[in-house]
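With compact mmCIF, C-alpha atoms inside, this is entry-v1.txt:
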# COMPACT_ATOMS: atom_id res chain seq x y z
CA MET A 1 -208.71 161.31 183.84
CA SER A 2 -210.30 158.00 184.80
CA ARG A 3 -211.79 156.13 181.88
CA PRO A 4 -214.09 153.10 181.82
CA SER A 5 -212.89 149.73 180.68
CA LEU A 6 -212.73 149.14 176.97
CA PRO A 7 -215.52 146.79 175.85
CA LEU A 8 -213.26 143.82 175.18
CA PRO A 9 -214.54 140.26 174.81
CA SER A 10 -213.07 137.53 176.99
CA ALA A 11 -210.04 135.67 175.73
CA ALA A 12 -210.83 132.30 174.17
CA ASP A 13 -210.20 129.30 176.41
CA GLY A 14 -208.66 126.40 174.51
CA GLY A 15 -209.98 127.57 171.13
CA PRO A 16 -208.06 129.02 168.21
CA ARG A 17 -206.47 132.42 168.66
CA VAL A 18 -208.85 135.08 167.39
CA HIS A 19 -206.78 137.55 165.42
CA GLY A 20 -208.10 141.01 164.92
CA THR A 21 -208.07 144.78 165.02
CA LEU A 22 -209.32 147.29 167.57
CA LEU A 23 -210.40 150.68 166.20
CA VAL A 24 -211.07 153.39 168.80
CA ARG A 25 -212.36 156.90 168.18
CA THR A 26 -210.26 159.10 170.44
CA GLY A 27 -210.34 162.58 168.91
CA CYS A 28 -212.15 163.20 165.63
CA ASP A 29 -215.48 164.66 164.54
CA ASP A 30 -218.46 162.69 163.24
CA ARG A 31 -217.67 163.38 159.58
CA THR A 32 -214.09 162.15 159.92
CA TRP A 33 -215.19 159.05 161.80
CA ALA A 34 -217.77 158.17 159.14
CA ASP A 35 -215.12 158.67 156.43
CA VAL A 36 -212.67 156.33 158.18
CA LEU A 37 -215.30 153.60 158.52
CA SER A 38 -216.33 153.99 154.88
CA ARG A 39 -212.74 153.65 153.63
CA MET A 40 -212.14 150.52 155.70
CA GLY A 41 -215.18 148.83 154.17
CA ALA A 42 -217.26 145.86 155.27
CA LEU A 43 -214.36 143.93 156.76
CA PRO A 44 -214.81 140.35 157.96
CA GLY A 45 -215.44 139.90 161.66
CA LEU A 46 -216.88 143.39 162.22
CA VAL A 47 -218.16 143.76 165.80
CA VAL A 48 -219.74 146.89 167.31
CA PRO A 49 -220.55 146.95 171.06
CA ASP A 50 -224.17 147.61 171.96
CA PRO A 51 -225.18 150.89 173.69
CA ASP A 52 -224.39 149.33 177.07
CA GLY A 53 -220.86 148.43 175.96
CA ARG A 54 -221.48 144.69 175.63
CA VAL A 55 -219.70 142.82 172.85
CA PRO A 56 -221.73 140.15 171.02
CA ALA A 57 -220.57 136.62 171.79
CA GLY A 58 -218.68 134.63 169.22
CA VAL A 59 -216.93 135.69 166.04
CA PRO A 60 -218.77 136.31 162.76
CA ALA A 61 -218.14 133.40 160.39
CA ASP A 62 -216.32 134.68 157.30
CA GLY A 63 -213.10 132.80 156.68
CA PRO A 64 -210.52 132.36 159.46
CA PRO A 65 -211.60 133.48 162.95
CA ARG A 66 -210.99 137.23 163.20
CA ARG A 67 -212.54 140.29 164.72
CA LEU A 68 -212.71 144.02 163.98
CA LEU A 69 -213.91 145.69 167.17
CA VAL A 70 -215.07 149.28 166.61
CA VAL A 71 -215.37 151.47 169.72
CA ASP A 72 -217.07 154.87 169.57
CA ASP A 73 -217.46 155.90 173.21
CA PRO A 74 -217.26 159.57 174.26
CA ALA A 75 -215.49 158.43 177.43
CA TRP A 76 -212.45 157.54 175.30
CA HIS A 77 -212.25 160.83 173.43
CA GLY A 78 -208.89 162.47 174.09
CA ALA A 79 -207.19 159.22 175.09
CA GLY A 80 -203.62 158.57 173.99
CA GLU A 81 -201.65 155.48 173.10
CA GLU A 82 -200.46 154.78 176.64
CA GLU A 83 -203.98 154.87 178.09
CA VAL A 84 -205.23 152.42 175.51
CA ARG A 85 -202.20 150.15 176.06
CA GLU A 86 -202.94 150.07 179.79
CA ALA A 87 -206.58 149.18 179.11
CA LEU A 88 -205.45 146.16 177.10
CA ALA A 89 -203.26 144.77 179.86
CA GLY A 90 -205.95 142.63 181.52
CA ASP A 91 -205.18 138.91 181.73
CA ARG A 92 -208.65 137.69 180.76
CA ALA A 93 -209.40 140.11 177.91
CA TRP A 94 -208.99 139.52 174.21
CA VAL A 95 -205.90 141.33 172.94
CA PRO A 96 -205.97 142.49 169.30
CA ASP A 97 -203.02 142.20 166.92
CA LEU A 98 -203.39 145.83 165.85
CA VAL A 99 -204.85 148.91 167.55
CA LEU A 100 -205.96 151.96 165.57
CA LEU A 101 -206.76 155.37 167.06
CA ALA A 102 -208.77 157.91 165.07
CA GLN A 103 -207.58 161.19 166.57
CA GLU A 104 -206.73 164.84 165.85
CA ARG A 105 -204.35 164.19 162.95
CA THR A 106 -206.98 161.93 161.35
CA ALA A 107 -209.35 164.90 161.18
CA ALA A 108 -206.67 167.42 160.19
CA GLU A 109 -205.48 165.52 157.09
CA PRO A 110 -208.57 164.49 155.07
CA GLY A 111 -206.54 163.11 152.16
CA PRO A 112 -204.73 160.18 153.81
CA ARG A 113 -206.78 160.21 157.07
CA PRO A 114 -203.79 158.93 159.13
CA LEU A 115 -204.57 156.68 162.07
CA LEU A 116 -202.20 156.20 165.00
CA ALA A 117 -201.46 152.47 165.19
CA PHE A 118 -199.54 150.11 167.44
CA ARG A 119 -199.14 146.45 168.32
CA PRO A 120 -200.00 145.76 171.98
CA SER A 121 -197.48 142.93 172.11
CA ALA A 122 -194.38 144.58 170.63
CA GLY A 123 -192.90 147.40 168.63
CA THR A 124 -193.53 151.12 168.56
CA GLY A 125 -196.37 153.17 167.19
CA PHE A 126 -196.72 154.11 163.54
CA TRP A 127 -199.04 155.99 161.20
CA ILE A 128 -201.27 154.12 158.78
CA SER A 129 -204.04 155.00 156.35
CA PRO A 130 -207.52 153.46 156.82
CA ARG A 131 -207.36 151.47 153.58
CA GLN A 132 -203.93 150.06 154.44
CA ALA A 133 -205.19 149.15 157.90
CA ALA A 134 -208.12 147.36 156.27
CA MET A 135 -205.82 145.40 153.96
CA VAL A 136 -203.63 144.37 156.91
CA HIS A 137 -206.71 143.22 158.80
CA LEU A 138 -207.34 140.72 156.00
CA ILE A 139 -203.98 138.99 156.61
CA LEU A 140 -203.69 139.19 160.40
CA HIS A 141 -204.17 135.42 160.64
CA ARG A 142 -200.95 134.81 158.66
CA THR A 143 -197.42 134.46 160.02
CA ILE A 144 -196.03 137.24 157.82
CA THR A 145 -197.78 140.17 159.49
CA ASP A 146 -194.98 140.80 161.99
CA LEU A 147 -192.70 141.56 159.03
CA VAL A 148 -195.32 143.94 157.65
CA PHE A 149 -195.62 145.74 160.98
CA GLU A 150 -191.85 146.05 161.31
CA ASP A 151 -191.77 147.78 157.92
CA PHE A 152 -194.50 150.20 158.99
CA GLU A 153 -192.75 150.97 162.27
CA GLU A 154 -189.56 151.78 160.39
CA TYR A 155 -191.02 153.92 157.61
CA ALA A 156 -193.90 155.72 159.37
CA PRO A 157 -192.86 155.86 163.05
CA ALA A 158 -194.91 157.52 165.76
CA PRO A 159 -192.67 157.30 168.85
CA PRO A 160 -194.28 158.00 172.24
CA GLY A 161 -194.25 161.69 173.01
CA GLY A 162 -193.16 162.54 169.47
CA GLY A 163 -193.58 166.11 168.29
CA GLU A 164 -195.81 167.42 165.54
CA ASP A 165 -192.99 168.50 163.23
CA ASP A 166 -191.95 166.46 160.20
CA LEU A 167 -194.53 163.75 160.72
CA PRO A 168 -194.06 160.91 158.21
CA ASP A 169 -196.66 160.06 155.61
CA PRO A 170 -198.80 157.18 156.85
CA ALA A 171 -198.15 153.70 155.56
CA GLY A 172 -200.39 153.11 152.56
CA ASP A 173 -201.22 156.76 151.92
CA PHE A 174 -201.09 156.11 148.15
CA LEU A 175 -203.99 153.64 148.51
CA GLU A 176 -206.28 156.52 149.48
CA ALA A 177 -205.60 158.29 146.18
CA MET A 178 -206.04 155.29 143.88
CA ASP A 179 -209.00 155.17 141.50
CA PRO A 180 -210.57 152.80 142.14
CA ALA A 181 -209.20 152.46 145.65
CA PRO A 182 -209.06 148.99 147.22
CA ARG A 183 -212.01 148.19 149.45
CA TYR A 184 -213.12 144.84 150.81
CA GLU A 185 -216.71 143.74 150.25
CA ALA A 186 -217.93 140.40 151.51
CA PRO A 187 -218.33 137.74 148.79
CA ALA A 188 -221.83 136.55 147.94
CA ARG A 189 -220.82 133.10 149.24
CA PRO A 190 -217.92 132.15 151.52
CA LEU A 191 -214.79 131.37 149.50
CA PRO A 192 -212.72 128.22 150.01
CA ALA A 193 -209.41 128.64 151.78
CA LEU A 194 -206.39 129.21 149.55
CA THR A 195 -203.31 127.31 150.66
CA SER A 196 -199.98 126.95 148.93
CA GLY A 197 -196.56 125.46 149.45
CA ASN A 198 -195.15 127.59 146.63
CA ASP A 199 -193.98 131.18 146.26
CA ALA A 200 -197.18 132.45 144.63
CA LEU A 201 -200.72 131.57 143.65
CA LEU A 202 -202.35 132.18 140.28
CA VAL A 203 -206.12 132.13 140.84
CA ARG A 204 -208.58 132.03 137.97
CA THR A 205 -211.53 134.40 138.49
CA ASP A 206 -212.86 134.56 134.89
CA PHE A 207 -214.51 131.38 133.60
CA SER A 208 -215.73 132.56 130.21
CA ASP A 209 -213.06 130.81 128.08
CA ASP A 210 -211.34 127.56 129.07
CA ALA A 211 -208.99 127.71 126.09
CA ALA A 212 -207.83 131.21 127.06
CA TRP A 213 -207.11 130.02 130.59
CA ALA A 214 -205.11 127.05 129.33
CA ALA A 215 -203.10 129.36 127.05
CA LEU A 216 -202.50 131.77 129.94
CA VAL A 217 -201.23 128.99 132.21
CA GLU A 218 -198.91 127.77 129.45
CA LEU A 219 -197.54 131.30 128.92
CA VAL A 220 -196.83 131.73 132.64
CA ARG A 221 -195.21 128.31 132.93
CA HIS A 222 -193.22 128.42 129.69
CA PRO A 223 -192.79 132.07 128.62
CA GLY A 224 -189.88 131.52 126.24
CA GLU A 225 -186.66 133.53 126.24
CA GLU A 226 -188.52 136.85 126.50
CA GLY A 227 -189.71 135.79 129.94
CA PHE A 228 -186.43 134.09 130.95
CA GLY A 229 -187.73 130.65 130.03
CA ASP A 230 -184.16 129.88 129.02
CA ILE A 231 -183.17 130.14 132.70
CA VAL A 232 -186.07 128.27 134.33
CA ASP A 233 -187.57 125.26 132.56
CA ASP A 234 -191.00 125.51 134.15
CA PHE A 235 -192.19 128.35 136.37
CA GLY A 236 -195.04 126.08 137.43
CA ASP A 237 -192.63 124.73 140.02
CA ASN A 238 -192.89 128.12 141.78
CA ILE A 239 -196.58 128.88 141.31
CA ASP A 240 -199.73 127.02 142.37
CA PHE A 241 -202.53 127.33 139.80
CA VAL A 242 -206.09 127.46 141.17
CA ASP A 243 -208.91 126.65 138.73
CA ASP A 244 -212.02 126.57 140.91
CA PRO A 245 -215.35 128.15 139.85
CA ALA A 246 -215.95 129.09 143.49
CA PHE A 247 -213.56 132.00 142.86
CA GLY A 248 -215.45 133.30 139.82
CA GLY A 249 -215.65 137.09 140.02
CA ALA A 250 -213.70 137.26 143.31
CA SER A 251 -211.97 140.57 144.01
CA PRO A 252 -208.28 140.86 144.91
CA GLU A 253 -209.25 141.81 148.46
CA GLN A 254 -211.47 138.74 148.81
CA LEU A 255 -208.63 136.53 147.62
CA MET A 256 -206.30 138.16 150.16
CA ALA A 257 -208.66 137.22 152.95
CA ALA A 258 -208.85 133.61 151.75
CA VAL A 259 -205.09 132.90 151.76
CA LEU A 260 -203.93 130.88 154.74
CA SER A 261 -200.39 130.43 156.02
CA GLY A 262 -198.25 127.63 154.67
CA PRO A 263 -198.10 124.21 156.34
CA GLU A 264 -195.24 125.26 158.64
CA GLU A 265 -195.49 128.05 161.21
CA THR A 266 -192.43 129.75 159.74
CA ASP A 267 -193.51 129.20 156.13
CA LEU A 268 -193.48 132.50 154.22
CA SER A 269 -194.82 131.02 150.99
CA ALA A 270 -197.67 132.38 148.86
CA ASN A 271 -197.08 136.03 149.68
CA LEU A 272 -198.09 136.98 146.16
CA VAL A 273 -201.46 136.35 144.54
CA LEU A 274 -201.71 136.62 140.76
CA ILE A 275 -205.19 136.72 139.24
CA GLY A 276 -206.46 135.37 135.96
CA ASP A 277 -209.26 137.88 135.42
CA ALA A 278 -211.03 138.90 132.20
CA ALA A 279 -208.22 141.27 131.17
CA ALA A 280 -205.64 138.52 131.63
CA MET A 281 -207.64 136.22 129.38
CA SER A 282 -208.18 138.62 126.50
CA GLY A 283 -205.98 141.72 126.94
CA PRO A 284 -203.26 142.52 124.38
CA ASP A 285 -200.35 141.81 126.77
CA ARG A 286 -202.17 139.09 128.77
CA SER A 287 -201.41 141.06 131.92
CA LEU A 288 -202.23 139.41 135.21
CA ALA A 289 -203.78 141.31 138.06
CA GLY A 290 -201.77 140.90 141.24
CA ILE A 291 -201.78 141.70 144.90
CA SER A 292 -198.97 141.37 147.42
CA LEU A 293 -199.50 140.13 150.96
CA LEU A 294 -196.11 141.35 152.14
CA GLU A 295 -194.89 144.46 150.29
CA GLY A 296 -197.50 147.19 150.68
CA PRO A 297 -200.15 144.53 151.29
CA GLY A 298 -203.33 145.09 149.34
CA CYS A 299 -202.00 147.36 146.62
CA PRO A 300 -203.26 146.08 143.25
CA PHE A 301 -200.99 145.96 140.22
CA ARG A 302 -200.73 144.32 136.80
CA VAL A 303 -197.82 142.44 135.28
CA PRO A 304 -197.52 140.81 131.81
CA ALA A 305 -197.91 137.06 132.05
CA VAL A 306 -194.67 136.58 130.12
CA ILE A 307 -192.57 137.92 133.02
CA ALA A 308 -194.76 136.77 135.93
CA GLY A 309 -192.67 133.65 136.54
CA ILE A 310 -189.30 135.38 136.77
CA MET A 311 -190.85 138.04 139.01
CA VAL A 312 -192.10 135.36 141.41
CA VAL A 313 -188.68 133.69 141.50
CA ASN A 314 -186.78 136.93 142.12
CA LEU A 315 -189.16 138.05 144.86
CA ALA A 316 -188.83 134.68 146.59
CA LEU A 317 -185.04 134.85 146.40
CA ALA A 318 -185.12 138.46 147.66
CA ASN A 319 -183.05 139.44 144.62
CA MET A 320 -185.57 142.16 143.83
CA ASP A 321 -188.51 143.93 145.39
CA LEU A 322 -191.98 144.32 143.97
CA ASP A 323 -191.12 147.93 143.18
CA ASP A 324 -188.61 146.63 140.61
CA TYR A 325 -191.59 145.39 138.62
CA VAL A 326 -194.42 147.75 139.54
CA ASP A 327 -194.15 151.42 140.44
CA VAL A 328 -195.72 153.04 143.52
CA PRO A 329 -197.93 154.92 142.72
CA PRO A 330 -199.54 154.64 140.15
CA ARG A 331 -198.23 151.07 140.02
CA ASP A 332 -197.50 151.20 136.29
CA LEU A 333 -195.35 148.36 135.04
CA VAL A 334 -191.59 149.02 135.19
CA LEU A 335 -189.51 146.33 133.54
CA PRO A 336 -186.36 145.48 135.55
CA TRP A 337 -183.94 145.56 132.62
Go ahead and express the file in the form of structure tokens.
Amino acid sequence: MSRPSLPLPSAADGGPRVHGTLLVRTGCDDRTWADVLSRMGALPGLVVPDPDGRVPAGVPADGPPRRLLVVDDPAWHGAGEEEVREALAGDRAWVPDLVLLAQERTAAEPGPRPLLAFRPSAGTGFWISPRQAAMVHLILHRTITDLVFEDFEEYAPAPPGGGEDDLPDPAGDFLEAMDPAPRYEAPARPLPALTSGNDALLVRTDFSDDAAWAALVELVRHPGEEGFGDIVDDFGDNIDFVDDPAFGGASPEQLMAAVLSGPEETDLSANLVLIGDAAAMSGPDRSLAGISLLEGPGCPFRVPAVIAGIMVVNLALANMDLDDYVDVPPRDLVLPW
């Protein structure tokens, strides 16, 4: 079957690389399609071609340059991965980092709503849930995403011509069952970029009590023997603390989108964002909200401030995984001793 060209914008000439996601409806009903779009949320850089297939010029301004191109064209219903790959092979067209196909399995499994996904540049196909795809879209501008994709390709593979038996659960299926489930909403005002040369960021989002924030920072930096303060003198050497009212009330997903790569192209720093929210300021265990940009990116968790420092160190050293500290799902705290 001959299909029309995908409505792809032209590649940028001399400008910054525009990272982004292409979502194509290839085989699902209207109700499924609406559900997928709802779960993905109001992601930055959303672009929908007009009825004539033209893509608006430019990239919506919301943080780093990025684009989510959503294609709902009956001419592409029934298309498979290879057809879409071929359509992306043009020299002058923008090539997304990630392609998502909403197809028959998406409609057949309303719980996780699995999407068939692949990288046009490398790797094999894999299955991913809409919310996980949305969370990955928020970090496509960072150097770590290739590692994320490699994990997905290993644990939820969708090899070309694969059968329908024993299909793996999609990456991020647990996100669809969380209550509340992660969902990006645009901030009321653009957030400043978050940069770090350290292993993690601790961002203050509650500004109701300066003394509580100061006490929280002190507990994270110097937790005492209970938090392995006898091993590390000052965990502040591993964490950048951000005290900026511009982040007041920011959601974990909004903070994800604001984190840039480190100063070096190969820098894998700041793959963990800890959050000083209202619960961290006043809760009984001073637990920090957290979100990983590398392990199951976008899954929220909480960790007591007293062990946050040693967790950051062990994750950076690859001595432990995030799952040694937080369970999946429901991401309840699991102490590693």
### Task
List the neighbours of segment 40-49 of chain A out to 7 Å using only C-alpha atoms; skip same-chain residues closer than 3 positions along the sequence, and give me the result as a ChimeraX atom specification.
/A:7,36-37,53-56,59-60,62,66-71,130-131,134,183-186
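Across the model, the gap from atom CA of Leu255 of chain A to atom CA of Thr145 of chain A is 16.5 Å.
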#### Entry: Shell around Leu115 of chain A at 8 Å using all atoms listed in the file, local window under 5 positions removed, as a PyMOL selection string
chain A and resi 100-103+105-106+127-130+170
#### Entry: Cut-off 9 Å around (-206.7, 152.6, 180.6) with all atoms listed in the file: residues as a ChimeraX atom specification
/A:2-6,79,82-89
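Using all atoms listed in the file, the shortest contact distance between Val220 of chain A and any of A:Val312, A:Leu98, A:Cys28, A:Ala181 is found at A:Val312.
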### Query
Could you name the residues that touch Ala258 of chain A at 7 Å or less, counting all atoms listed in the file, but leaving out those on the same chain fewer than 6 positions away, as a ChimeraX atom specification?
/A:63,191-194
### Task
Could you please determine the separation between atom CA of Val24 of chain A and atom CA of Val259 of chain A in Å, to one decimal place?
27.3 Å
### Query
With all atoms listed in the file as the basis for distance, which of A:Pro180, A:Gly172, A:Pro114, A:Pro223 is at the shortest distance from Ala158 of chain A?
A:Pro114
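Residues in contact with Ile275 of chain A at up to 9 Å, not including ones fewer than 6 positions away on its chain and judged by all atoms listed in the file, are A:Leu201, A:Leu202, A:Val203, A:Arg204, A:Thr205, A:Pro252, A:Leu288, A:Ala289, A:Gly290, A:Ile291.
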Please write the residues from the selection above to a file, keeping C-alpha atoms, as an mmCIF file, in the frame of the given file.
data_model
loop_
_atom_site.group_PDB
_atom_site.id
_atom_site.type_symbol
_atom_site.label_atom_id
_atom_site.label_comp_id
_atom_site.auth_asym_id
_atom_site.auth_seq_id
_atom_site.Cartn_x
_atom_site.Cartn_y
_atom_site.Cartn_z
ATOM 1 C CA LEU A 201 -200.720 131.570 143.650
ATOM 2 C CA LEU A 202 -202.350 132.180 140.280
ATOM 3 C CA VAL A 203 -206.120 132.130 140.840
ATOM 4 C CA ARG A 204 -208.580 132.030 137.970
ATOM 5 C CA THR A 205 -211.530 134.400 138.490
ATOM 6 C CA PRO A 252 -208.280 140.860 144.910
ATOM 7 C CA LEU A 288 -202.230 139.410 135.210
ATOM 8 C CA ALA A 289 -203.780 141.310 138.060
ATOM 9 C CA GLY A 290 -201.770 140.900 141.240
ATOM 10 C CA ILE A 291 -201.780 141.700 144.900
#
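With atom CA of Ala250 of chain A on one side and atom CA of Asp285 of chain A on the other, the separation reads 21.7 Å.
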### Query
Skipping near chain neighbours, those fewer than 6 positions away, what residues fall within 7 Å of segment 295-301 of chain A using all atoms listed in the file, listed as a PyMOL selection string?
chain A and resi 135-136+172+175+253+289+322+326+331
